[in-house]
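Colleague: Below is a structure I'd like to ask you about.
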Amino acid sequence: MYLHPYFEICSTKSSLRAGGDLAFVFCANEAAIPIKCYSPELMVTGVYSAQEFDNAVEKMNASKSTSNNEEDDNNRRMLEKEEMEDMRIKMVRQVTDVMPNMHALVIGPGLGRCPLVMRATADIIREAKNRGLGLVLDADALFLLTLEQNRDLLSGGGGAAAAATNNTTIVLTPNSVEYKRLVATLGEGSEDILEQRLDGVIIVRKGFHDEIIQLISKSSGSSSSSSSSGVFRNKLCCEEEGGLKRCGGLGDILSGIVGLFVAWNKILLNSKDDMVLACWVACCLTKISTKEAFSKSRRSMTAPDVLDKVGSVVDSFAGETSKS
């Protein structure tokens, strides 16, 4: 679900360039036509009006104390809340109706932070987990997790515990700033608490070297290392050298490739056992694609240059198996 087309294009096109067959895009109505014009191969659906959502939120905030009549104020607020609720439900339904045709859902790149969109997106995440649909959360979807009303979205009975039951794969792809925000909010300032709340979730910590960590509680199984929180870490580190320029959209490209691998895992294996390795491969592909794009374009490199390299880098990884 997107408002800012450029970041959506980076994410969805990377999944196609890496070998995906079809990519659905759910976005603001205002972004749908630009996305279709730029990438006609994408299946684009506008699921809400950004202008209407923003106006509804502004109207609600402005009506908090606009009259001397408290009863009139309460009635007006009630009607406005009902209107916002109808808009939210309509947006959620348009996405969830297509879920039977999907294997994974990438949420976050270009999403924006409209409070009403945040509420609808939280409901979509809950429904995706209930259906066992793989999830990749990036960018503003990570910000959504830090909001107080959503801090149990991936923890407790409604989050990771439920995901473990229906074998849902959940991957977070934070950069350094986003990870620190998750620690400060979900983790209440402690990485140990964060790990306990994200039992079963895979975290891809983007950086000079990308770290891929799957958090597993003692009751869920064992792995190569453990922490003081009582959570085992299944961990890999991508040490591939990337390009010397960090242009916008690189993280979105990674999220799209991870989303593709989550979908393939759902189709072929339906198991989370190999997802840490799959995320590591996605990080390697992105780093190498960036390096090759920089080698060609140098300082003028932008995200589309990296996208142009993804297909050939995937083929180099696959080797002769792609011909058999």
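Residues are referred to by chain and number: the chain letter is A, B, ... according to the order shown in the structure tokens, the number counts from 1 in that chain, and ligands are numbered separately from 1 in the order shown.
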Determine, counting only C-alpha atoms, which protein, DNA and RNA residues have an atom within 7 Å of an atom of range 196-212 of chain A; residues of the same chain fewer than 4 positions away are not included. Present the result as a PDB file with N, CA, C and O atoms, in the first residue's frame.
Modeller:
ATOM      1  N   LEU A 154       2.858  -7.759  16.552  1.00  0.00           N
ATOM      2  CA  LEU A 154       3.705  -8.914  16.234  1.00  0.00           C
ATOM      3  C   LEU A 154       4.128  -9.675  17.472  1.00  0.00           C
ATOM      4  O   LEU A 154       5.083 -10.438  17.443  1.00  0.00           O
ATOM      5  N   SER A 155       3.432  -9.483  18.578  1.00  0.00           N
ATOM      6  CA  SER A 155       3.794 -10.180  19.809  1.00  0.00           C
ATOM      7  C   SER A 155       2.541 -10.651  20.510  1.00  0.00           C
ATOM      8  O   SER A 155       1.434 -10.226  20.209  1.00  0.00           O
ATOM      9  N   ALA A 160       3.287 -12.888  17.045  1.00  0.00           N
ATOM     10  CA  ALA A 160       4.233 -13.940  16.684  1.00  0.00           C
ATOM     11  C   ALA A 160       3.754 -15.320  17.136  1.00  0.00           C
ATOM     12  O   ALA A 160       4.003 -16.320  16.466  1.00  0.00           O
ATOM     13  N   ALA A 164       3.405 -18.426  14.628  1.00  0.00           N
ATOM     14  CA  ALA A 164       4.059 -19.728  14.779  1.00  0.00           C
ATOM     15  C   ALA A 164       3.068 -20.860  14.544  1.00  0.00           C
ATOM     16  O   ALA A 164       3.415 -21.915  14.025  1.00  0.00           O
ATOM     17  N   ILE A 170       7.263 -13.734   8.889  1.00  0.00           N
ATOM     18  CA  ILE A 170       7.253 -12.286   9.058  1.00  0.00           C
ATOM     19  C   ILE A 170       8.700 -11.802   9.048  1.00  0.00           C
ATOM     20  O   ILE A 170       9.517 -12.267   9.844  1.00  0.00           O
ATOM     21  N   VAL A 171       9.006 -10.878   8.136  1.00  0.00           N
ATOM     22  CA  VAL A 171      10.356 -10.339   8.010  1.00  0.00           C
ATOM     23  C   VAL A 171      10.309  -8.829   8.178  1.00  0.00           C
ATOM     24  O   VAL A 171       9.517  -8.151   7.507  1.00  0.00           O
ATOM     25  N   LEU A 172      11.144  -8.305   9.058  1.00  0.00           N
ATOM     26  CA  LEU A 172      11.313  -6.858   9.220  1.00  0.00           C
ATOM     27  C   LEU A 172      12.649  -6.470   8.597  1.00  0.00           C
ATOM     28  O   LEU A 172      13.646  -7.173   8.777  1.00  0.00           O
ATOM     29  N   THR A 173      12.681  -5.336   7.882  1.00  0.00           N
ATOM     30  CA  THR A 173      13.921  -4.921   7.216  1.00  0.00           C
ATOM     31  C   THR A 173      14.311  -3.498   7.630  1.00  0.00           C
ATOM     32  O   THR A 173      14.313  -2.586   6.806  1.00  0.00           O
ATOM     33  N   PRO A 174      14.661  -3.292   8.887  1.00  0.00           N
ATOM     34  CA  PRO A 174      14.982  -1.937   9.360  1.00  0.00           C
ATOM     35  C   PRO A 174      16.405  -1.520   9.026  1.00  0.00           C
ATOM     36  O   PRO A 174      17.328  -2.341   9.010  1.00  0.00           O
ATOM     37  N   ASN A 175      16.587  -0.215   8.774  1.00  0.00           N
ATOM     38  CA  ASN A 175      17.932   0.345   8.750  1.00  0.00           C
ATOM     39  C   ASN A 175      18.328   0.699  10.181  1.00  0.00           C
ATOM     40  O   ASN A 175      17.592   0.405  11.128  1.00  0.00           O
ATOM     41  N   SER A 176      19.462   1.340  10.352  1.00  0.00           N
ATOM     42  CA  SER A 176      19.964   1.608  11.701  1.00  0.00           C
ATOM     43  C   SER A 176      19.002   2.470  12.515  1.00  0.00           C
ATOM     44  O   SER A 176      18.710   2.170  13.681  1.00  0.00           O
ATOM     45  N   ASP A 192      16.834  -6.968  24.627  1.00  0.00           N
ATOM     46  CA  ASP A 192      16.334  -8.239  25.158  1.00  0.00           C
ATOM     47  C   ASP A 192      14.809  -8.287  25.124  1.00  0.00           C
ATOM     48  O   ASP A 192      14.208  -9.300  24.735  1.00  0.00           O
ATOM     49  N   ILE A 216      14.196 -16.974  18.130  1.00  0.00           N
ATOM     50  CA  ILE A 216      13.459 -18.183  18.497  1.00  0.00           C
ATOM     51  C   ILE A 216      13.543 -18.368  20.007  1.00  0.00           C
ATOM     52  O   ILE A 216      14.633 -18.456  20.572  1.00  0.00           O
ATOM     53  N   SER A 217      12.400 -18.452  20.664  1.00  0.00           N
ATOM     54  CA  SER A 217      12.396 -18.654  22.104  1.00  0.00           C
ATOM     55  C   SER A 217      12.854 -20.062  22.433  1.00  0.00           C
ATOM     56  O   SER A 217      12.827 -20.965  21.596  1.00  0.00           O
ATOM     57  N   SER A 229      18.187 -12.683  26.977  1.00  0.00           N
ATOM     58  CA  SER A 229      16.726 -12.634  27.025  1.00  0.00           C
ATOM     59  C   SER A 229      16.102 -14.025  27.000  1.00  0.00           C
ATOM     60  O   SER A 229      14.895 -14.156  27.133  1.00  0.00           O
ATOM     61  N   VAL A 231      16.275 -15.878  24.326  1.00  0.00           N
ATOM     62  CA  VAL A 231      15.867 -16.059  22.938  1.00  0.00           C
ATOM     63  C   VAL A 231      17.080 -16.480  22.120  1.00  0.00           C
ATOM     64  O   VAL A 231      18.130 -15.843  22.168  1.00  0.00           O
ATOM     65  N   LYS A 235      21.454 -16.755  13.020  1.00  0.00           N
ATOM     66  CA  LYS A 235      22.015 -15.521  12.480  1.00  0.00           C
ATOM     67  C   LYS A 235      22.963 -15.780  11.318  1.00  0.00           C
ATOM     68  O   LYS A 235      23.767 -16.706  11.331  1.00  0.00           O
ATOM     69  N   LEU A 236      22.845 -14.933  10.283  1.00  0.00           N
ATOM     70  CA  LEU A 236      23.789 -14.897   9.181  1.00  0.00           C
ATOM     71  C   LEU A 236      24.169 -13.452   8.919  1.00  0.00           C
ATOM     72  O   LEU A 236      23.413 -12.532   9.252  1.00  0.00           O
ATOM     73  N   CYS A 237      25.326 -13.245   8.298  1.00  0.00           N
ATOM     74  CA  CYS A 237      25.794 -11.887   8.004  1.00  0.00           C
ATOM     75  C   CYS A 237      26.198 -11.810   6.536  1.00  0.00           C
ATOM     76  O   CYS A 237      26.989 -12.639   6.060  1.00  0.00           O
ATOM     77  N   CYS A 238      25.649 -10.854   5.822  1.00  0.00           N
ATOM     78  CA  CYS A 238      26.002 -10.641   4.427  1.00  0.00           C
ATOM     79  C   CYS A 238      27.157  -9.641   4.368  1.00  0.00           C
ATOM     80  O   CYS A 238      26.982  -8.472   4.713  1.00  0.00           O
ATOM     81  N   GLU A 239      28.311 -10.095   3.931  1.00  0.00           N
ATOM     82  CA  GLU A 239      29.493  -9.257   3.876  1.00  0.00           C
ATOM     83  C   GLU A 239      29.869  -8.880   2.441  1.00  0.00           C
ATOM     84  O   GLU A 239      30.993  -8.438   2.181  1.00  0.00           O
ATOM     85  N   VAL A 276      15.991 -17.651   6.759  1.00  0.00           N
ATOM     86  CA  VAL A 276      17.170 -16.849   7.099  1.00  0.00           C
ATOM     87  C   VAL A 276      18.165 -16.887   5.944  1.00  0.00           C
ATOM     88  O   VAL A 276      18.722 -15.856   5.533  1.00  0.00           O
ATOM     89  N   CYS A 279      16.804 -14.785   3.041  1.00  0.00           N
ATOM     90  CA  CYS A 279      17.008 -13.350   3.256  1.00  0.00           C
ATOM     91  C   CYS A 279      18.466 -12.960   3.045  1.00  0.00           C
ATOM     92  O   CYS A 279      18.770 -11.881   2.529  1.00  0.00           O
ATOM     93  N   TRP A 280      19.369 -13.860   3.443  1.00  0.00           N
ATOM     94  CA  TRP A 280      20.801 -13.615   3.211  1.00  0.00           C
ATOM     95  C   TRP A 280      21.086 -13.529   1.711  1.00  0.00           C
ATOM     96  O   TRP A 280      21.811 -12.647   1.250  1.00  0.00           O
ATOM     97  N   CYS A 283      19.923 -10.210   0.374  1.00  0.00           N
ATOM     98  CA  CYS A 283      20.880  -9.149   0.705  1.00  0.00           C
ATOM     99  C   CYS A 283      22.085  -9.191  -0.235  1.00  0.00           C
ATOM    100  O   CYS A 283      22.549  -8.144  -0.720  1.00  0.00           O
TER     101      CYS A 283
END
Colleague: Write out as a PDB file with N, CA and C atoms, in the first residue's frame the residues lying within 10 Å of Tyr38 in chain A, counting only C-alpha atoms and excluding same-chain residues fewer than 3 positions away.
Modeller:
ATOM      1  N   PRO A   5       4.893   7.028  -5.298  1.00  0.00           N
ATOM      2  CA  PRO A   5       5.060   6.004  -6.337  1.00  0.00           C
ATOM      3  C   PRO A   5       6.481   5.492  -6.512  1.00  0.00           C
ATOM      4  N   TYR A   6       7.480   6.337  -6.376  1.00  0.00           N
ATOM      5  CA  TYR A   6       8.847   5.934  -6.703  1.00  0.00           C
ATOM      6  C   TYR A   6       9.295   4.743  -5.859  1.00  0.00           C
ATOM      7  N   ILE A   9       7.594   1.547  -6.852  1.00  0.00           N
ATOM      8  CA  ILE A   9       8.127   1.002  -8.099  1.00  0.00           C
ATOM      9  C   ILE A   9       9.419   0.235  -7.841  1.00  0.00           C
ATOM     10  N   ILE A  33      -2.336   6.135 -11.270  1.00  0.00           N
ATOM     11  CA  ILE A  33      -2.047   6.430 -12.671  1.00  0.00           C
ATOM     12  C   ILE A  33      -0.552   6.643 -12.914  1.00  0.00           C
ATOM     13  N   PRO A  34       0.160   7.422 -12.077  1.00  0.00           N
ATOM     14  CA  PRO A  34       1.612   7.527 -12.290  1.00  0.00           C
ATOM     15  C   PRO A  34       2.320   6.171 -12.258  1.00  0.00           C
ATOM     16  N   ILE A  35       1.905   5.283 -11.360  1.00  0.00           N
ATOM     17  CA  ILE A  35       2.541   3.966 -11.275  1.00  0.00           C
ATOM     18  C   ILE A  35       2.251   3.148 -12.529  1.00  0.00           C
ATOM     19  N   GLU A  41       3.385  -3.165 -16.473  1.00  0.00           N
ATOM     20  CA  GLU A  41       3.288  -4.595 -16.161  1.00  0.00           C
ATOM     21  C   GLU A  41       2.771  -4.847 -14.750  1.00  0.00           C
ATOM     22  N   LEU A  42       2.715  -3.811 -13.915  1.00  0.00           N
ATOM     23  CA  LEU A  42       2.223  -3.973 -12.546  1.00  0.00           C
ATOM     24  C   LEU A  42       0.700  -3.940 -12.525  1.00  0.00           C
TER      25      LEU A  42
END
Colleague: Interatomic distance between CA of Leu135 in chain A and CA of Val25 in chain A?
Modeller: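 Value for the CA of Leu135 in chain A-CA of Val25 in chain A distance: 14.5 Å.
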Colleague: Pick the closest to Glu8 in chain A from A:Asn150, A:Thr121, A:Ser316, A:Ser39: which is it, counting only C-alpha atoms?
Modeller: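 Of the candidates, the smallest distance to Glu8 in chain A is held by A:Ser39.
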Colleague: Enumerate, as a list in words, the complete set of residues in range 79-153 of chain A that a backbone-based DSSP assignment places in strand (DSSP E).
Modeller: Ala104, Leu105, Val106, Ile107, Gly134, Leu135, Val136 and Leu137 of chain A
Colleague: Go ahead and compute the interatomic distance for CA of Met102 in chain A and CA of Val47 in chain A, in Å to one decimal.
Modeller: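 CA of Val47 in chain A lies 16.5 Å from CA of Met102 in chain A.
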Colleague: In terms of the shortest atom-to-atom distance over only C-alpha atoms, which of A:Val92, A:Ile193, A:Leu307, A:Val177 is closest to Cys27 in chain A?
Modeller: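 Counting only C-alpha atoms, the residue closest to Cys27 in chain A is A:Val92.
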Colleague: Tell me which of A:Ser297, A:Met91, A:Met99, A:Glu292 sits closest to Lys309 in chain A, counting only C-alpha atoms.
Modeller: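 Of the candidates, the smallest distance to Lys309 in chain A is held by A:Glu292.
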Colleague: Here is a test: counting only C-alpha atoms, which residue of A:Met118, A:Ala184, A:Val314, A:Ala141 is nearest to Ser255 in chain A?
Modeller: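 Under the stated criterion, the closest residue is A:Ala141.
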Colleague: Can you tell me which residues surround Leu244 in chain A at a distance of at most 10 Å, considering only C-alpha atoms, apart from same-chain residues fewer than 3 positions away, and format the answer as an MDAnalysis selection string?
Modeller: chainID A and resid 241 247 290:291 294:295 298:299 301
Colleague: For range 52-57 of chain A, find every residue with an atom within 7 Å (counting only C-alpha atoms), except residues of its own chain fewer than 3 positions away, and show them as a list in words.
Modeller: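 So, after excluding close chain neighbours, the residues are Ser49, Met60, Asn61, Met84, Cys114 and Leu116 of chain A.
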Colleague: Contacts of Leu250 in chain A at 9 Å or less, counting only C-alpha atoms, minus same-chain residues fewer than 3 places along, as JSON, numbers by chain?
Modeller: {"A": [10, 11, 246, 247, 253, 254, 255, 286, 290, 302, 303, 306]}
Colleague: Which distance in Å separates CA of Asp274 in chain A and CA of Ala139 in chain A, to one decimal?
Modeller: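 Between CA of Asp274 in chain A and CA of Ala139 in chain A the gap works out to 24.2 Å.
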Colleague: Find the residues near Phe26 in chain A: any atom within 12 Å, counting only C-alpha atoms, skip ones fewer than 2 places away on the same chain, and give them as a VMD selection string.
Modeller: chain A and resid 1 to 5 8 to 9 12 23 to 24 28 to 33 35 to 36 42 to 49 91 to 99 105 to 111 121 124
Colleague: Using only C-alpha atoms, which of the listed residues (A:Ala120, A:Leu268, A:Glu127, A:Cys37) sits closest to Asp86 in chain A?
Modeller: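 Answer, going by the shortest atom-to-atom distance: A:Ala120.
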Colleague: Among range 123-308 of chain A, which ones does DSSP assign to helix (DSSP H, G or I) (computed from the backbone)? Answer as a PyMOL selection string.
Modeller: chain A and resi 123-130+140-146+148-150+156-158+160-166+176-185+191-197+250-268+275-300+303-308
Colleague: From the set A:Asn265, A:Thr185, A:Thr146, A:Ser312, which residue has the shortest atom-to-atom contact distance to Ala18 in chain A, counting only C-alpha atoms?
Modeller: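 Nearest to Ala18 in chain A: A:Ser312.
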